[in-house]
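J.: For reference, the structure I am asking about is given below.
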Amino acid sequence: MVSGVAVRAHSCWDTTMTDDELLRYSRQILLPDFDIDGQERLRRSRALIVGLGGLGSPVAMYLAAAGVGRLTLVDFDTVDLSNLQRQVVHRTADIGRLKVESARDTLLALNPLIEVATVSKALNETELREQVRQADVVVDACDNLPARLAINAACVQAGVPLVTGAVIRMEGQVLVWRPGGEGACYRCLYRDAEMDTETCAQTGVLAPVVGIVGSIQALEAIKILASLGETLAGRLLLLDAKRMEWRTLKVRRDPACPVCGGAP
């Protein structure tokens, strides 16, 4: 079931920013490469966030705080006590509530000037494609490989930029796919991967690691929406938090990839 929510002080699609908005976003407007034009781009953008767990929590909170005009949150799950160690968008009082509803309330309390829509179900292929088609950027914050591959395929088909992240134990990774480039999509990297991969529920995860990776995902999404700097497209960013080491691998599109191989 899809529940749309629009709780805000004004329309984020108005043509001019108010004094309150200029003050709220002043620290990023001060950035020479960002300026008011960058803020306006965020204000008019739509981001789709799939998964409101450890990764989705910092993604959603930073995109909301930065002023992305419309967020669509997708997650079928409810808040559990075991989530609260790392899923910082939820509170103890939210245990038993739908994650999308808990997250929506947190985001609107943080920034009432944005719009938040919620989808409290697992999307089928048609529904996923429709949600992706309406977005300017998609952030994959899921915790399982089949979902990541489905989101990747929908984004490639629709030509919508994708920021995908994953964390296990004390390791993390971020990949960006953008249409029209030579960078690898997620399927290029995991063509032969087993679908029954490990999850945090089986192996554990240290809370700040998802915060680090989720924050990078939010940063990459903002850069895409605001046309700011150089994204991770064509590069896989790897984190070994135990050693606090970063690696960046260049990843090019696989011509034989069943998803993006035929892309120009």
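Quick note on naming: the chains in the structure tokens go A, B, ... in the order shown, residues restart at 1 in each chain, and ligands are numbered from 1 in order of appearance.
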Might you pull out every residue within 8 Å of A:Asp254, with only C-alpha atoms counted and same-chain residues fewer than 3 positions away left off, and present them as a list of chain:residue names?
T.: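 After dropping sequence-adjacent residues, the list is A:Ala184, A:Cys188, A:Cys257, A:Cys260, A:Gly261.
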J.: Run DSSP on the backbone and grab whatever in stretch 19-55 of chain A lands in strand (DSSP E or B); send it over as a PyMOL selection string.
T.: chain A and resi 46-50
J.: With a distance cut-off of 7 Å and only C-alpha atoms, select the neighbouring residues of A:Arg43, excluding the residue or stretch itself and same-chain residues fewer than 2 positions from it, and output the selection as a PyMOL selection string.
T.: chain A and resi 12+39-41+45+67-69
J.: Produce a table with one row for each residue of stretch 66-96 of chain A that has an atom at most 9 Å from any atom of stretch 49-53 of chain A, each row naming the nearest atom pair and its distance in Å at one decimal; use only C-alpha atoms; arrange rows by chain and rising residue number; format as JSON lines.
T.:
```
{"residue": "A:Leu71", "atom": "CA", "partner": "A:Ile49", "partner_atom": "CA", "distance": 7.3}
{"residue": "A:Thr72", "atom": "CA", "partner": "A:Ile49", "partner_atom": "CA", "distance": 6.1}
{"residue": "A:Leu73", "atom": "CA", "partner": "A:Ile49", "partner_atom": "CA", "distance": 5.1}
{"residue": "A:Val74", "atom": "CA", "partner": "A:Val50", "partner_atom": "CA", "distance": 4.8}
{"residue": "A:Asp75", "atom": "CA", "partner": "A:Gly51", "partner_atom": "CA", "distance": 5.2}
{"residue": "A:Phe76", "atom": "CA", "partner": "A:Gly51", "partner_atom": "CA", "distance": 8.5}
{"residue": "A:Asp77", "atom": "CA", "partner": "A:Leu52", "partner_atom": "CA", "distance": 8.6}
{"residue": "A:Val79", "atom": "CA", "partner": "A:Gly53", "partner_atom": "CA", "distance": 9.0}
{"residue": "A:Asn83", "atom": "CA", "partner": "A:Gly53", "partner_atom": "CA", "distance": 7.4}
{"residue": "A:Arg86", "atom": "CA", "partner": "A:Gly53", "partner_atom": "CA", "distance": 7.8}
{"residue": "A:Gln87", "atom": "CA", "partner": "A:Gly53", "partner_atom": "CA", "distance": 5.2}
{"residue": "A:Val88", "atom": "CA", "partner": "A:Gly53", "partner_atom": "CA", "distance": 8.3}
{"residue": "A:Val89", "atom": "CA", "partner": "A:Leu52", "partner_atom": "CA", "distance": 8.0}
{"residue": "A:His90", "atom": "CA", "partner": "A:Gly53", "partner_atom": "CA", "distance": 8.9}
```
J.: For A:Ala150, work out the shell of residues within 10 Å, counting only C-alpha atoms and skipping chain neighbours fewer than 6 positions away, then give it as a count of residues only.
T.: 6
J.: I need the helix (DSSP H, G or I) residues of stretch 1-171 of chain A per DSSP on the backbone, written as a PyMOL selection string.
T.: chain A and resi 19-24+26-29+35-43+56-66+81-83+92-94+99-110+125-133+145-158
J.: Pick the closest to A:Arg243 from A:Val163, A:Leu31, A:Met170, A:Ile36: which is it, counting only C-alpha atoms?
T.: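 With only C-alpha atoms as the atom set, the closest residue is A:Met170.
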J.: What is the atom CA of A:Val100-atom CA of A:Leu113 distance in Å, reported with one decimal?
T.: 18.2 Å
J.: If we count only C-alpha atoms and set the cut-off at 12 Å, which residues sit around A:Gly54, ignoring sequence neighbours fewer than 4 positions away in its own chain? Please answer as an MDAnalysis selection string.
T.: chainID A and resid 50 58:61 79 82:90 99 103 140:143 165:168 172 200:201 204:215
J.: Need to verify the contact set: A:Pro179, 8 Å, only C-alpha atoms, exclusion of same-chain residues closer than 6 positions in sequence. Can you return it as an MDAnalysis selection string?
T.: chainID A and resid 156 159:161
J.: Could you state the separation of atom CA of A:Ala233 and atom CA of A:Glu220 in Å, given to one decimal place?
T.: 9.4 Å
J.: Just the residues within 10 Å of A:Asp37, please, counting only C-alpha atoms, with nothing from its chain fewer than 5 positions along; format it as a ChimeraX atom specification.
T.: /A:29,42-43,226-227
J.: Could you please take those selected residues and save N, CA and C atoms as a JSON list (two decimals), in the first residue's frame?
T.:
```json
[["chain", "number", "residue", "atom", "x", "y", "z"],
["A", 29, "ILE", "N", 25.01, 27.26, 1.10],
["A", 29, "ILE", "CA", 24.90, 28.29, 0.06],
["A", 29, "ILE", "C", 26.19, 29.09, -0.04],
["A", 42, "LEU", "N", 18.47, 21.40, -5.40],
["A", 42, "LEU", "CA", 18.04, 20.45, -4.37],
["A", 42, "LEU", "C", 16.56, 20.62, -4.07],
["A", 43, "ARG", "N", 16.15, 21.84, -3.95],
["A", 43, "ARG", "CA", 14.77, 22.18, -3.58],
["A", 43, "ARG", "C", 13.77, 21.62, -4.58],
["A", 226, "ALA", "N", 22.83, 18.51, -7.33],
["A", 226, "ALA", "CA", 23.27, 19.90, -7.41],
["A", 226, "ALA", "C", 24.34, 20.12, -8.47],
["A", 227, "SER", "N", 24.66, 19.09, -9.24],
["A", 227, "SER", "CA", 25.74, 19.18, -10.25],
["A", 227, "SER", "C", 27.02, 19.72, -9.63]]
```
